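Colleague: my_file04.cif is reproduced below (mmCIF, C-alpha atoms).
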```cif
data_my_file
loop_
_atom_site.label_atom_id
_atom_site.label_comp_id
_atom_site.auth_asym_id
_atom_site.auth_seq_id
_atom_site.Cartn_x
_atom_site.Cartn_y
_atom_site.Cartn_z
CA MET A 1243 31.64 125.57 155.95
CA PRO A 1244 34.44 124.93 153.41
CA ASP A 1245 35.65 121.42 152.75
CA ARG A 1246 38.89 120.38 154.54
CA ALA A 1247 40.45 119.09 151.31
CA ILE A 1248 39.93 122.39 149.51
CA ILE A 1249 41.45 124.29 152.44
CA ARG A 1250 44.61 122.20 152.15
CA GLY A 1251 44.91 122.99 148.47
CA PHE A 1252 43.58 119.69 147.15
CA SER A 1253 40.37 119.17 145.27
CA LYS A 1254 37.78 116.71 146.51
CA GLU A 1255 39.01 114.09 144.02
CA VAL A 1256 42.73 114.32 144.90
CA ALA A 1257 42.53 114.19 148.72
CA PRO A 1258 41.23 110.57 148.91
CA ARG A 1259 43.97 109.44 146.50
CA VAL A 1260 46.63 111.11 148.64
CA ALA A 1261 45.24 109.34 151.72
CA THR A 1262 45.28 106.02 149.87
CA TYR A 1263 48.90 106.47 148.75
CA LEU A 1264 49.89 107.43 152.28
CA ASN A 1265 48.22 104.29 153.66
CA ILE A 1266 50.00 102.10 151.12
CA ALA A 1267 53.34 103.77 151.93
CA GLU A 1268 52.69 103.26 155.64
CA ILE A 1269 52.06 99.52 155.14
CA ILE A 1270 55.21 99.11 153.02
CA ILE A 1271 57.38 101.03 155.49
CA SER A 1272 56.01 99.04 158.43
CA ILE A 1273 56.85 95.74 156.71
CA VAL A 1274 60.38 96.93 155.83
CA LEU A 1275 60.85 98.22 159.39
CA ILE A 1276 59.86 94.85 160.85
CA LEU A 1277 62.26 93.05 158.51
CA VAL A 1278 65.14 95.40 159.36
CA LEU A 1279 64.50 94.89 163.08
CA LEU A 1280 64.48 91.12 162.67
CA VAL A 1281 67.77 91.12 160.73
CA GLN A 1282 69.67 93.15 163.33
CA PRO A 1283 72.04 91.18 165.57
CA ARG A 1284 70.86 90.52 169.09
CA GLU A 1285 72.60 92.25 171.99
CA ALA A 1286 73.92 90.29 174.96
CA ASP A 1287 71.16 89.32 177.35
CA VAL A 1288 70.88 90.84 180.80
CA SER A 1289 72.21 87.83 182.70
CA ARG A 1290 75.34 87.66 180.54
CA THR A 1291 75.93 91.38 181.05
CA PHE A 1292 75.87 91.14 184.85
CA ARG A 1293 78.08 88.02 184.93
CA SER A 1294 81.06 89.59 183.21
CA ASP A 1295 83.57 91.41 185.37
CA SER A 1296 84.65 93.90 182.72
CA SER A 1297 82.35 96.13 180.78
CA VAL A 1298 83.24 96.44 177.12
CA TYR A 1299 82.10 99.38 175.04
CA HIS A 1300 80.55 98.10 171.81
CA LYS A 1301 80.74 100.33 168.77
CA ARG A 1302 78.59 99.55 165.75
CA ARG A 1303 80.48 99.10 162.50
CA GLY A 1304 79.74 98.13 158.94
CA ILE A 1305 76.39 96.53 158.22
CA GLU A 1306 75.34 96.69 161.87
CA LYS A 1307 75.72 100.48 161.86
CA THR A 1308 73.88 100.74 158.53
CA LEU A 1309 70.97 98.64 159.82
CA PHE A 1310 70.79 100.74 162.99
CA GLN A 1311 70.68 104.00 161.03
CA LEU A 1312 68.14 102.54 158.57
CA THR A 1313 65.93 101.58 161.53
CA ILE A 1314 65.98 105.16 162.82
CA VAL A 1315 65.19 106.61 159.37
CA LEU A 1316 62.35 104.13 158.77
CA ALA A 1317 60.85 104.81 162.21
CA LEU A 1318 60.89 108.57 161.65
CA LEU A 1319 59.43 108.13 158.17
CA PHE A 1320 56.70 105.86 159.59
CA VAL A 1321 55.74 108.47 162.19
CA ALA A 1322 55.71 111.28 159.61
CA ILE A 1323 53.54 109.32 157.18
CA SER A 1324 51.20 108.32 160.03
CA VAL A 1325 50.71 111.98 160.95
CA LEU A 1326 50.11 112.93 157.31
CA SER A 1327 47.68 110.03 156.97
CA VAL A 1328 45.64 111.32 159.90
CA ILE A 1329 45.65 114.86 158.46
CA TYR A 1330 44.38 113.70 155.06
CA ALA A 1331 41.94 111.14 156.46
CA LYS A 1332 38.38 111.42 155.33
CA PRO A 1333 36.16 112.93 158.05
CA VAL A 1334 33.54 110.56 159.45
#
```
Would you kindly transcribe this structure into structure tokens?
Modeller:
Amino acid sequence: MPDRAIIRGFSKEVAPRVATYLNIAEIIISIVLILVLLVQPREADVSRTFRSDSSVYHKRRGIEKTLFQLTIVLALLFVAISVLSVIYAKPV
């Protein structure tokens, strides 16, 4: 039975390095994602929302919009790298 790494086009020596780099990238992205989530402004809590008589549409602008978009990009990147990490993982 052929080796999984050779099937994917990598030699036996390169596949473990790719998995290691993917794991390092996953750790870095997860830390940055946590920091970006912590920096974002908090929305109004539920009790404050139900107390007000008028509902106001809130549009993100400036740095708030940038942080929101960065959160989406980092989350998608985290998922993609997680999937690639599982694909290139060493079989047990």
Colleague: With distances taken over all atoms listed in the file, which of A:Leu1264, A:Ile1269, A:Ala1257, A:Leu1277 is nearest to A:Leu1309?
Modeller: A:Leu1277
Colleague: Please, what distance in Å, to one decimal, runs between atom CA of A:Phe1320 and atom CA of A:Lys1301?
Modeller: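 Rounded to one decimal, the two atoms are 26.3 Å apart.
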Colleague: Show me as a PyMOL selection string the residues that reach within 8 Å of (45.3, 114.7, 155.0), counting all atoms listed in the file and using the file's own coordinates.
Modeller: chain A and resi 1247+1257+1260-1261+1326-1332
Colleague: Would you compute the box with edges along x, y and z of the file around stretch 1315-1327 of chain A, including every atom the file lists for it and 5 Å extra on each side, and give its centre and edge lengths in Å to one decimal, as lines of an AutoDock Vina configuration file?
Modeller:
```
center_x = 56.4
center_y = 108.5
center_z = 159.6
size_x = 27.5
size_y = 18.8
size_z = 15.2
```
Colleague: Would you kindly translate the PyMOL selection byres ((chain A and resi 1278) around 10) into the concrete residues it picks from this file, as a tab-separated table (two decimals) with C-alpha atoms, in the frame of the given file?
Modeller:
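Generated file (out.tsv):
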```tsv
chain	number	residue	atom	x	y	z
A	1272	SER	CA	56.01	99.04	158.43
A	1273	ILE	CA	56.85	95.74	156.71
A	1274	VAL	CA	60.38	96.93	155.83
A	1275	LEU	CA	60.85	98.22	159.39
A	1276	ILE	CA	59.86	94.85	160.85
A	1277	LEU	CA	62.26	93.05	158.51
A	1279	LEU	CA	64.50	94.89	163.08
A	1280	LEU	CA	64.48	91.12	162.67
A	1281	VAL	CA	67.77	91.12	160.73
A	1282	GLN	CA	69.67	93.15	163.33
A	1309	LEU	CA	70.97	98.64	159.82
A	1310	PHE	CA	70.79	100.74	162.99
A	1312	LEU	CA	68.14	102.54	158.57
A	1313	THR	CA	65.93	101.58	161.53
A	1316	LEU	CA	62.35	104.13	158.77
```
Colleague: Between atom CA of A:Ser1324 and atom CA of A:Arg1302, what is the distance in Å, rounded to a tenth?
Modeller: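 Taking atom CA of A:Ser1324 and atom CA of A:Arg1302, their separation equals 29.3 Å.
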Colleague: Between A:Glu1268, A:Pro1283, A:Arg1259, A:Leu1319, single out the one closest to A:Ile1305, counting all atoms listed in the file.
Modeller: A:Pro1283
Colleague: Restricting the calculation to only C-alpha atoms: of A:Arg1303, A:Ile1271, A:Ile1266, A:Pro1258, which residue gets closest to A:Val1315?
Modeller: A:Ile1271
Colleague: Give me, please, the distance in Å between atom CA of A:Asn1265 and atom CA of A:Ile1314, quoted to one decimal.
Modeller: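 Calculated distance between atom CA of A:Asn1265 and atom CA of A:Ile1314 is 20.0 Å.
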